[in-house]
>>> print(open('query02.pdb').read())   # PDB, C-alpha atoms
ATOM      1  CA  MET A   1    -100.123 119.302 -58.894
ATOM      2  CA  HIS A   2     -99.693 121.453 -62.020
ATOM      3  CA  PHE A   3     -96.540 121.908 -64.065
ATOM      4  CA  ASP A   4     -95.433 122.526 -67.650
ATOM      5  CA  ILE A   5     -93.463 120.181 -69.881
ATOM      6  CA  ASN A   6     -91.644 121.478 -72.933
ATOM      7  CA  GLN A   7     -92.859 119.449 -75.900
ATOM      8  CA  LYS A   8     -89.341 119.301 -77.381
ATOM      9  CA  ASP A   9     -87.940 117.856 -74.136
ATOM     10  CA  LEU A  10     -90.597 115.154 -74.058
ATOM     11  CA  ARG A  11     -89.712 114.326 -77.671
ATOM     12  CA  ALA A  12     -85.992 114.174 -76.860
ATOM     13  CA  VAL A  13     -86.390 111.606 -74.083
ATOM     14  CA  SER A  14     -89.111 109.594 -75.843
ATOM     15  CA  LEU A  15     -86.499 108.242 -78.278
ATOM     16  CA  ALA A  16     -85.322 105.898 -75.507
ATOM     17  CA  MET A  17     -88.754 104.517 -74.562
ATOM     18  CA  ALA A  18     -89.202 100.757 -74.731
ATOM     19  CA  VAL A  19     -91.397  99.427 -77.546
ATOM     20  CA  LYS A  20     -93.456  96.232 -77.146
ATOM     21  CA  ASP A  21     -91.426  95.191 -74.130
ATOM     22  CA  ILE A  22     -92.711  92.683 -71.607
ATOM     23  CA  ARG A  23     -91.577  95.191 -68.998
ATOM     24  CA  TYR A  24     -94.646  97.364 -69.590
ATOM     25  CA  TYR A  25     -93.489  99.978 -67.082
ATOM     26  CA  LEU A  26     -90.701 100.943 -69.514
ATOM     27  CA  GLN A  27     -93.226 101.779 -72.230
ATOM     28  CA  GLY A  28     -93.606 105.392 -71.223
ATOM     29  CA  VAL A  29     -91.833 108.409 -69.789
ATOM     30  CA  TYR A  30     -91.096 108.585 -66.076
ATOM     31  CA  ILE A  31     -91.768 112.040 -64.611
ATOM     32  CA  GLU A  32     -90.557 113.507 -61.334
ATOM     33  CA  ALA A  33     -91.637 116.992 -60.260
ATOM     34  CA  ASN A  34     -91.385 119.077 -57.094
ATOM     35  CA  GLY A  35     -92.076 122.623 -58.295
ATOM     36  CA  ALA A  36     -88.380 123.529 -58.442
ATOM     37  CA  GLU A  37     -87.565 121.136 -61.271
ATOM     38  CA  THR A  38     -89.203 118.552 -63.473
ATOM     39  CA  ARG A  39     -87.316 115.473 -64.644
ATOM     40  CA  LEU A  40     -88.254 113.466 -67.721
ATOM     41  CA  ILE A  41     -86.651 110.022 -68.044
ATOM     42  CA  ALA A  42     -87.076 107.177 -70.520
ATOM     43  CA  THR A  43     -85.166 103.923 -70.845
ATOM     44  CA  ASP A  44     -85.543 100.613 -72.640
ATOM     45  CA  GLY A  45     -82.956  98.904 -70.450
ATOM     46  CA  HIS A  46     -80.162  99.432 -72.985
ATOM     47  CA  ARG A  47     -79.971 103.244 -73.017
ATOM     48  CA  LEU A  48     -81.464 106.168 -71.128
ATOM     49  CA  HIS A  49     -82.428 109.728 -72.045
ATOM     50  CA  MET A  50     -83.095 112.360 -69.406
ATOM     51  CA  VAL A  51     -83.920 116.073 -69.366
ATOM     52  CA  ILE A  52     -84.106 118.331 -66.331
ATOM     53  CA  GLN A  53     -86.421 121.332 -66.608
ATOM     54  CA  GLU A  54     -85.832 124.035 -64.028
ATOM     55  CA  GLU A  55     -89.064 125.547 -62.713
ATOM     56  CA  SER A  56     -90.071 128.514 -60.588
ATOM     57  CA  GLY A  57     -93.322 127.233 -59.093
ATOM     58  CA  PRO A  58     -94.101 126.649 -55.414
ATOM     59  CA  VAL A  59     -91.993 123.822 -53.994
ATOM     60  CA  VAL A  60     -93.981 120.750 -52.992
ATOM     61  CA  GLU A  61     -93.355 117.156 -52.047
ATOM     62  CA  PRO A  62     -92.088 115.299 -55.136
ATOM     63  CA  VAL A  63     -94.609 113.457 -57.278
ATOM     64  CA  THR A  64     -93.558 110.601 -59.548
ATOM     65  CA  PHE A  65     -95.485 108.745 -62.224
ATOM     66  CA  ILE A  66     -95.120 107.043 -65.604
ATOM     67  CA  MET A  67     -96.884 108.684 -68.552
ATOM     68  CA  PRO A  68     -97.981 105.849 -70.902
ATOM     69  CA  ALA A  69     -96.399 105.690 -74.361
ATOM     70  CA  ASP A  70     -99.685 106.296 -76.198
ATOM     71  CA  MET A  71    -100.269 109.452 -74.160
ATOM     72  CA  VAL A  72     -96.706 110.568 -74.861
ATOM     73  CA  LYS A  73     -97.318 110.126 -78.597
ATOM     74  CA  LYS A  74    -100.526 112.175 -78.434
ATOM     75  CA  CYS A  75     -98.629 114.936 -76.649
ATOM     76  CA  LEU A  76     -95.962 114.907 -79.356
ATOM     77  CA  THR A  77     -98.336 114.932 -82.336
ATOM     78  CA  ALA A  78    -100.313 117.948 -81.094
ATOM     79  CA  LYS A  79     -99.572 120.928 -83.328
ATOM     80  CA  ALA A  80     -98.892 124.357 -81.872
ATOM     81  CA  SER A  81     -99.459 127.662 -83.632
ATOM     82  CA  LYS A  82     -96.566 129.034 -85.669
ATOM     83  CA  ALA A  83     -96.282 131.886 -83.192
ATOM     84  CA  ASP A  84     -95.598 129.445 -80.367
ATOM     85  CA  LYS A  85     -91.829 128.965 -80.558
ATOM     86  CA  CYS A  86     -91.624 126.697 -77.496
ATOM     87  CA  PRO A  87     -94.800 124.603 -77.217
ATOM     88  CA  LYS A  88     -95.618 123.462 -73.713
ATOM     89  CA  ILE A  89     -97.885 120.806 -72.271
ATOM     90  CA  LEU A  90     -99.687 121.718 -69.049
ATOM     91  CA  VAL A  91     -99.811 118.607 -66.894
ATOM     92  CA  THR A  92    -102.058 118.077 -63.903
ATOM     93  CA  TYR A  93    -101.422 114.985 -61.811
ATOM     94  CA  ASP A  94    -103.717 113.773 -59.040
ATOM     95  CA  GLN A  95    -103.733 110.310 -57.468
ATOM     96  CA  GLY A  96    -102.759 108.430 -60.592
ATOM     97  CA  LYS A  97    -104.767 110.498 -63.084
ATOM     98  CA  ILE A  98    -102.846 112.531 -65.654
ATOM     99  CA  CYS A  99    -104.519 115.431 -67.430
ATOM    100  CA  ALA A 100    -102.564 117.084 -70.236
ATOM    101  CA  ARG A 101    -103.568 120.304 -71.990
ATOM    102  CA  LEU A 102    -101.850 120.183 -75.357
ATOM    103  CA  PRO A 103    -100.352 122.980 -77.466
ATOM    104  CA  ASP A 104    -103.315 122.810 -79.881
ATOM    105  CA  GLY A 105    -105.743 123.587 -77.041
ATOM    106  CA  SER A 106    -107.149 120.066 -76.702
ATOM    107  CA  GLU A 107    -107.014 118.036 -73.509
ATOM    108  CA  ILE A 108    -106.393 114.364 -72.867
ATOM    109  CA  VAL A 109    -106.795 112.359 -69.670
ATOM    110  CA  GLN A 110    -105.257 108.972 -68.854
ATOM    111  CA  PHE A 111    -104.110 107.034 -65.847
ATOM    112  CA  ALA A 112    -100.445 106.591 -65.099
ATOM    113  CA  LEU A 113     -98.884 103.197 -65.727
ATOM    114  CA  ASP A 114     -99.148 100.997 -62.682
ATOM    115  CA  GLY A 115     -95.623  99.727 -62.086
ATOM    116  CA  LYS A 116     -92.318 100.558 -60.487
ATOM    117  CA  PHE A 117     -89.909 102.385 -62.766
ATOM    118  CA  PRO A 118     -86.311 101.185 -62.246
ATOM    119  CA  ASP A 119     -83.914 103.327 -60.231
ATOM    120  CA  TYR A 120     -82.393 105.181 -63.169
ATOM    121  CA  ARG A 121     -79.759 106.803 -60.934
ATOM    122  CA  ARG A 122     -77.913 103.488 -60.605
ATOM    123  CA  ILE A 123     -76.786 103.470 -64.232
ATOM    124  CA  ILE A 124     -75.667 107.105 -64.370
ATOM    125  CA  PRO A 125     -71.887 107.186 -63.803
ATOM    126  CA  ALA A 126     -71.043 109.255 -60.750
ATOM    127  CA  HIS A 127     -67.406 109.842 -61.715
ATOM    128  CA  ASP A 128     -65.135 109.751 -64.734
ATOM    129  CA  GLY A 129     -63.874 106.245 -64.095
ATOM    130  CA  GLY A 130     -60.287 106.922 -65.145
ATOM    131  CA  ALA A 131     -58.872 106.404 -68.599
ATOM    132  CA  PRO A 132     -61.502 105.413 -71.192
ATOM    133  CA  GLU A 133     -61.579 101.754 -72.155
ATOM    134  CA  SER A 134     -62.522 100.378 -75.547
ATOM    135  CA  CYS A 135     -66.261  99.741 -75.774
ATOM    136  CA  ILE A 136     -68.797  98.646 -78.370
ATOM    137  CA  PHE A 137     -71.993 100.687 -78.652
ATOM    138  CA  ASN A 138     -75.125 100.147 -80.722
ATOM    139  CA  PRO A 139     -74.765 102.788 -83.474
ATOM    140  CA  ASP A 140     -78.537 103.367 -83.564
ATOM    141  CA  TYR A 141     -78.525 104.215 -79.864
ATOM    142  CA  VAL A 142     -75.607 106.599 -80.345
ATOM    143  CA  SER A 143     -77.464 108.228 -83.252
ATOM    144  CA  ASP A 144     -80.609 108.574 -81.120
ATOM    145  CA  ALA A 145     -78.577 110.146 -78.313
ATOM    146  CA  ILE A 146     -77.250 112.798 -80.694
ATOM    147  CA  LYS A 147     -80.727 113.258 -82.179
ATOM    148  CA  GLY A 148     -82.198 113.647 -78.693
ATOM    149  CA  PHE A 149     -79.678 116.322 -77.824
ATOM    150  CA  SER A 150     -80.357 118.084 -81.147
ATOM    151  CA  ILE A 151     -84.077 118.182 -80.331
ATOM    152  CA  TYR A 152     -83.422 119.400 -76.788
ATOM    153  CA  ALA A 153     -81.047 122.116 -78.058
ATOM    154  CA  GLU A 154     -83.474 123.051 -80.879
ATOM    155  CA  MET A 155     -80.960 122.171 -83.577
ATOM    156  CA  THR A 156     -83.344 120.120 -85.720
ATOM    157  CA  GLY A 157     -83.104 120.871 -89.422
ATOM    158  CA  LYS A 158     -79.507 121.956 -89.009
ATOM    159  CA  THR A 159     -76.254 120.087 -89.402
ATOM    160  CA  PRO A 160     -75.990 117.552 -86.541
ATOM    161  CA  PRO A 161     -73.618 118.717 -83.813
ATOM    162  CA  SER A 162     -70.111 117.302 -83.656
ATOM    163  CA  ILE A 163     -70.595 115.551 -80.357
ATOM    164  CA  GLY A 164     -70.188 111.920 -79.457
ATOM    165  CA  ILE A 165     -70.487 109.355 -76.704
ATOM    166  CA  ARG A 166     -67.836 109.540 -74.004
ATOM    167  CA  PRO A 167     -66.829 106.084 -72.696
ATOM    168  CA  ARG A 168     -66.859 105.903 -68.884
ATOM    169  CA  GLY A 169     -64.795 102.879 -68.024
ATOM    170  CA  ALA A 170     -66.346  99.691 -69.413
ATOM    171  CA  ASN A 171     -69.799 100.368 -67.976
ATOM    172  CA  ALA A 172     -71.527 102.960 -70.154
ATOM    173  CA  GLY A 173     -71.165 105.749 -72.670
ATOM    174  CA  VAL A 174     -72.376 109.232 -71.775
ATOM    175  CA  LEU A 175     -73.521 112.257 -73.755
ATOM    176  CA  CYS A 176     -74.144 115.071 -71.301
ATOM    177  CA  CYS A 177     -74.705 118.687 -72.259
ATOM    178  CA  ASP A 178     -76.515 121.355 -70.234
ATOM    179  CA  ASN A 179     -79.667 119.669 -68.820
ATOM    180  CA  PHE A 180     -79.726 116.790 -71.303
ATOM    181  CA  LEU A 181     -78.242 113.378 -70.542
ATOM    182  CA  ALA A 182     -78.022 110.196 -72.597
ATOM    183  CA  VAL A 183     -76.488 106.992 -71.270
ATOM    184  CA  VAL A 184     -75.789 104.069 -73.610
ATOM    185  CA  MET A 185     -74.882 100.662 -72.242
ATOM    186  CA  PRO A 186     -72.084  98.820 -74.077
ATOM    187  CA  LEU A 187     -72.575  95.681 -76.142
ATOM    188  CA  ARG A 188     -70.701  92.453 -75.618
ATOM    189  CA  GLY A 189     -68.326  91.570 -78.400
ATOM    190  CA  ASP A 190     -64.758  91.606 -79.627
ATOM    191  CA  ILE A 191     -62.883  94.868 -79.964
ATOM    192  CA  SER A 192     -60.999  95.249 -83.226
ATOM    193  CA  PRO A 193     -57.202  95.049 -82.708
ATOM    194  CA  MET A 194     -54.896  97.900 -83.657
ATOM    195  CA  PRO A 195     -53.861  97.740 -87.336
ATOM    196  CA  ALA A 196     -50.657  95.920 -88.193
ATOM    197  CA  PRO A 197     -47.734  98.106 -89.373
ATOM    198  CA  LYS A 198     -48.182  96.902 -92.957
ATOM    199  CA  PHE A 199     -51.283  99.080 -93.328
ATOM    200  CA  SER A 200     -49.371 102.324 -92.769
ATOM    201  CA  GLN A 201     -46.058 101.460 -94.443
ATOM    202  CA  GLU A 202     -45.119 102.893 -97.815
ATOM    203  CA  LEU A 203     -45.480 100.494-100.718
ATOM    204  CA  LYS A 204     -41.990  99.756-102.082
ATOM    205  CA  THR A 205     -40.569  97.765-104.956
ATOM    206  CA  PRO A 206     -40.334  94.170-103.778
ATOM    207  CA  VAL A 207     -36.933  92.520-103.531
ATOM    208  CA  ARG A 208     -37.003  89.311-105.548
ATOM    209  CA  LEU A 209     -34.875  86.436-104.466
ATOM    210  CA  GLN A 210     -32.349  85.118-107.020
ATOM    211  CA  SER A 211     -33.129  81.589-108.019
ATOM    212  CA  VAL A 212     -30.522  79.025-107.056
ATOM    213  CA  ALA A 213     -28.921  77.381-110.130
TER     214      ALA A 213
END
>>> encode(input="query02.pdb", output="C-alpha cells")
Amino acid sequence: MHFDINQKDLRAVSLAMAVKDIRYYLQGVYIEANGAETRLIATDGHRLHMVIQEESGPVVEPVTFIMPADMVKKCLTAKASKADKCPKILVTYDQGKICARLPDGSEIVQFALDGKFPDYRRIIPAHDGGAPESCIFNPDYVSDAIKGFSIYAEMTGKTPPSIGIRPRGANAGVLCCDNFLAVVMPLRGDISPMPAPKFSQELKTPVRLQSVA
C-alpha cells in the first residue's frame, strides 16, 4: 500500500513518543491507513498526540503498523527544497516492511516494530463530561501539546496560539483543533485551595488596642 505523510504532521505527533521506555512498542508512531484517511498516533502512556490526514486514494482494507522511532527521526531530519512548502514522505508498506521516500529524494527501509500498540481510542473522551473539575497537568506535556498544534497548523516561528488544555472531568485534558488532537492525562496531587479573603482585601490602617492600665 502507498500513501503520503505530511512531514509536519509526523513531527507534531512525534512529540508524544515514548523515549527509552520498557514498553518498546510505544517508541514509535502508530499509523493507520485505508486510502480515505491516514492516522498518525503517538503516546508515552501519559499523553497522546494524533493527526488525521484526509486522503483521496483508492479505499482499501485498513493497514496498521508502528514506525520505529529511529525511522521517524530520519524522516523528520530530511531536508526538502525551499520550493517545497509542504514536504511529504511517500510510504510503502508491505507485510511488515516500511519503505519511505523522503523529501530530499533519499529512501530508507525498515521493518515495523513487532508489538501491539495500545487501543488509543479508550483514552479519548467521547463526551464533555459535564462541568470541568480541577486537575493537575504536567506543564511540559501541555507545552508540547500547544507546540504540536503549532507545527500542525504551520504556526512555527510565530507567536504561540492562545489555546490551552480543556479539562474533561477528572480523566484527561484535551486540545482539539481541526484534525489535530492532544490528550494529557492528569497527575495525582493536591489542588491549591481558593485564596483566603485577606489576599484581595484593601490594606487599611490597623486598629491598635488600648493598653489596660
>>> resolve_selection(input="query02.pdb", expression="the PyMOL selection byres ((chain A and resi 61) around 9)", output="VMD selection string")
chain A and resid 33 to 35 59 to 60 62 to 63
>>> atom_distance(input="query02.pdb", atom1="CA of Asp21 in chain A", atom2="CA of Tyr141 in chain A")
16.8 Å
>>> atom_distance(input="query02.pdb", atom1="CA of His46 in chain A", atom2="CA of Val174 in chain A")
12.6 Å
>>> closest_residue(input="query02.pdb", among="A:Arg188, A:His2, A:Lys116, A:Arg39", to="Arg101 in chain A", atoms="all atoms listed in the file")
A:His2
>>> axis_aligned_box(input="query02.pdb", around="range 8-23 of chain A", padding_each_side="3 Å", output="AutoDock Vina command-line options")
--center_x -89.4 --center_y 106.0 --center_z -73.6 --size_x 14.1 --size_y 32.6 --size_z 15.3
>>> residues_around(input="query02.pdb", residues="Arg47 in chain A", least_positions_apart="4", cutoff="7 Å", atoms="all atoms listed in the file", output="list in words")
Ala16, Thr43, Val183, Val184 and Met185 of chain A
>>> write_last_selection(input="query02.pdb", atoms="C-alpha atoms", output="PDB file, in the frame of the given file")
ATOM      1  CA  ALA A  16     -85.322 105.898 -75.507  1.00  0.00           C
ATOM      2  CA  THR A  43     -85.166 103.923 -70.845  1.00  0.00           C
ATOM      3  CA  VAL A 183     -76.488 106.992 -71.270  1.00  0.00           C
ATOM      4  CA  VAL A 184     -75.789 104.069 -73.610  1.00  0.00           C
ATOM      5  CA  MET A 185     -74.882 100.662 -72.242  1.00  0.00           C
TER       6      MET A 185
END
>>> closest_residue(input="query02.pdb", among="A:Ser150, A:Phe117, A:Leu102, A:Leu10", to="Cys177 in chain A", atoms="only C-alpha atoms")
A:Ser150
>>> closest_residue(input="query02.pdb", among="A:Leu40, A:Ala69, A:Cys99, A:Val51", to="Lys20 in chain A", atoms="all atoms listed in the file")
A:Ala69
>>> residues_around(input="query02.pdb", residues="Phe3 in chain A", least_positions_apart="5", cutoff="7 Å", atoms="only C-alpha atoms", output="VMD selection string")
chain A and resid 90 to 92
>>> closest_residue(input="query02.pdb", among="A:Leu113, A:Ile124, A:Met71, A:Leu15", to="Ser143 in chain A", atoms="all atoms listed in the file")
A:Leu15
>>> resolve_selection(input="query02.pdb", expression="the PyMOL selection byres ((chain A and resi 79) around 8)", output="list of chain:residue names")
A:Thr77, A:Ala78, A:Ala80, A:Ser81, A:Pro103, A:Asp104
>>> build_atoms(input="query02.pdb", residues="range 171-204 of chain A", atoms="N, CA and C atoms", output="CSV table (one decimal), in the coordinates of the input")
chain,number,residue,atom,x,y,z
A,171,ASN,N,-68.4,100.5,-68.4
A,171,ASN,CA,-69.8,100.4,-68.0
A,171,ASN,C,-70.8,101.0,-68.9
A,172,ALA,N,-70.5,102.2,-69.4
A,172,ALA,CA,-71.5,103.0,-70.2
A,172,ALA,C,-70.9,104.1,-70.9
A,173,GLY,N,-71.6,104.6,-71.9
A,173,GLY,CA,-71.2,105.7,-72.7
A,173,GLY,C,-72.1,106.9,-72.3
A,174,VAL,N,-71.6,108.1,-72.2
A,174,VAL,CA,-72.4,109.2,-71.8
A,174,VAL,C,-72.3,110.4,-72.8
A,175,LEU,N,-73.5,111.0,-73.0
A,175,LEU,CA,-73.5,112.3,-73.8
A,175,LEU,C,-74.3,113.2,-72.8
A,176,CYS,N,-73.5,114.2,-72.3
A,176,CYS,CA,-74.1,115.1,-71.3
A,176,CYS,C,-73.8,116.5,-71.7
A,177,CYS,N,-74.9,117.3,-71.9
A,177,CYS,CA,-74.7,118.7,-72.3
A,177,CYS,C,-75.9,119.5,-71.7
A,178,ASP,N,-75.5,120.5,-70.9
A,178,ASP,CA,-76.5,121.4,-70.2
A,178,ASP,C,-77.4,120.5,-69.4
A,179,ASN,N,-78.7,120.5,-69.6
A,179,ASN,CA,-79.7,119.7,-68.8
A,179,ASN,C,-80.1,118.4,-69.6
A,180,PHE,N,-79.4,118.0,-70.6
A,180,PHE,CA,-79.7,116.8,-71.3
A,180,PHE,C,-78.7,115.7,-71.0
A,181,LEU,N,-79.1,114.5,-70.8
A,181,LEU,CA,-78.2,113.4,-70.5
A,181,LEU,C,-78.7,112.2,-71.3
A,182,ALA,N,-77.8,111.5,-72.0
A,182,ALA,CA,-78.0,110.2,-72.6
A,182,ALA,C,-77.0,109.2,-72.1
A,183,VAL,N,-77.4,108.0,-71.7
A,183,VAL,CA,-76.5,107.0,-71.3
A,183,VAL,C,-76.7,105.8,-72.2
A,184,VAL,N,-75.7,105.2,-72.7
A,184,VAL,CA,-75.8,104.1,-73.6
A,184,VAL,C,-75.0,102.9,-73.0
A,185,MET,N,-75.6,101.8,-72.8
A,185,MET,CA,-74.9,100.7,-72.2
A,185,MET,C,-74.1,100.0,-73.4
A,186,PRO,N,-72.9,99.5,-73.0
A,186,PRO,CA,-72.1,98.8,-74.1
A,186,PRO,C,-72.6,97.4,-74.5
A,187,LEU,N,-72.2,97.0,-75.7
A,187,LEU,CA,-72.6,95.7,-76.1
A,187,LEU,C,-71.4,94.7,-75.8
A,188,ARG,N,-71.7,93.5,-75.8
A,188,ARG,CA,-70.7,92.5,-75.6
A,188,ARG,C,-70.2,92.1,-77.0
A,189,GLY,N,-68.9,91.9,-77.1
A,189,GLY,CA,-68.3,91.6,-78.4
A,189,GLY,C,-66.8,91.8,-78.4
A,190,ASP,N,-66.2,91.5,-79.5
A,190,ASP,CA,-64.8,91.6,-79.6
A,190,ASP,C,-64.4,93.0,-80.1
A,191,ILE,N,-63.4,93.6,-79.5
A,191,ILE,CA,-62.9,94.9,-80.0
A,191,ILE,C,-61.9,94.6,-81.1
A,192,SER,N,-62.0,95.4,-82.1
A,192,SER,CA,-61.0,95.2,-83.2
A,192,SER,C,-59.6,95.6,-82.7
A,193,PRO,N,-58.6,94.8,-83.1
A,193,PRO,CA,-57.2,95.0,-82.7
A,193,PRO,C,-56.7,96.3,-83.5
A,194,MET,N,-55.6,96.8,-83.0
A,194,MET,CA,-54.9,97.9,-83.7
A,194,MET,C,-54.4,97.4,-85.0
A,195,PRO,N,-54.3,98.2,-86.0
A,195,PRO,CA,-53.9,97.7,-87.3
A,195,PRO,C,-52.4,97.4,-87.3
A,196,ALA,N,-52.1,96.3,-88.1
A,196,ALA,CA,-50.7,95.9,-88.2
A,196,ALA,C,-49.9,97.0,-88.9
A,197,PRO,N,-48.6,97.1,-88.7
A,197,PRO,CA,-47.7,98.1,-89.4
A,197,PRO,C,-47.9,98.1,-90.9
A,198,LYS,N,-48.1,97.0,-91.5
A,198,LYS,CA,-48.2,96.9,-93.0
A,198,LYS,C,-49.2,97.9,-93.6
A,199,PHE,N,-50.2,98.2,-92.8
A,199,PHE,CA,-51.3,99.1,-93.3
A,199,PHE,C,-50.8,100.5,-93.5
A,200,SER,N,-49.8,100.9,-92.7
A,200,SER,CA,-49.4,102.3,-92.8
A,200,SER,C,-48.0,102.5,-93.4
A,201,GLN,N,-47.4,101.4,-93.8
A,201,GLN,CA,-46.1,101.5,-94.4
A,201,GLN,C,-46.2,101.8,-95.9
A,202,GLU,N,-45.2,102.5,-96.4
A,202,GLU,CA,-45.1,102.9,-97.8
A,202,GLU,C,-44.9,101.6,-98.7
A,203,LEU,N,-45.6,101.6,-99.8
A,203,LEU,CA,-45.5,100.5,-100.7
A,203,LEU,C,-44.2,100.7,-101.5
A,204,LYS,N,-43.3,99.7,-101.4
A,204,LYS,CA,-42.0,99.8,-102.1
A,204,LYS,C,-41.9,98.6,-103.1
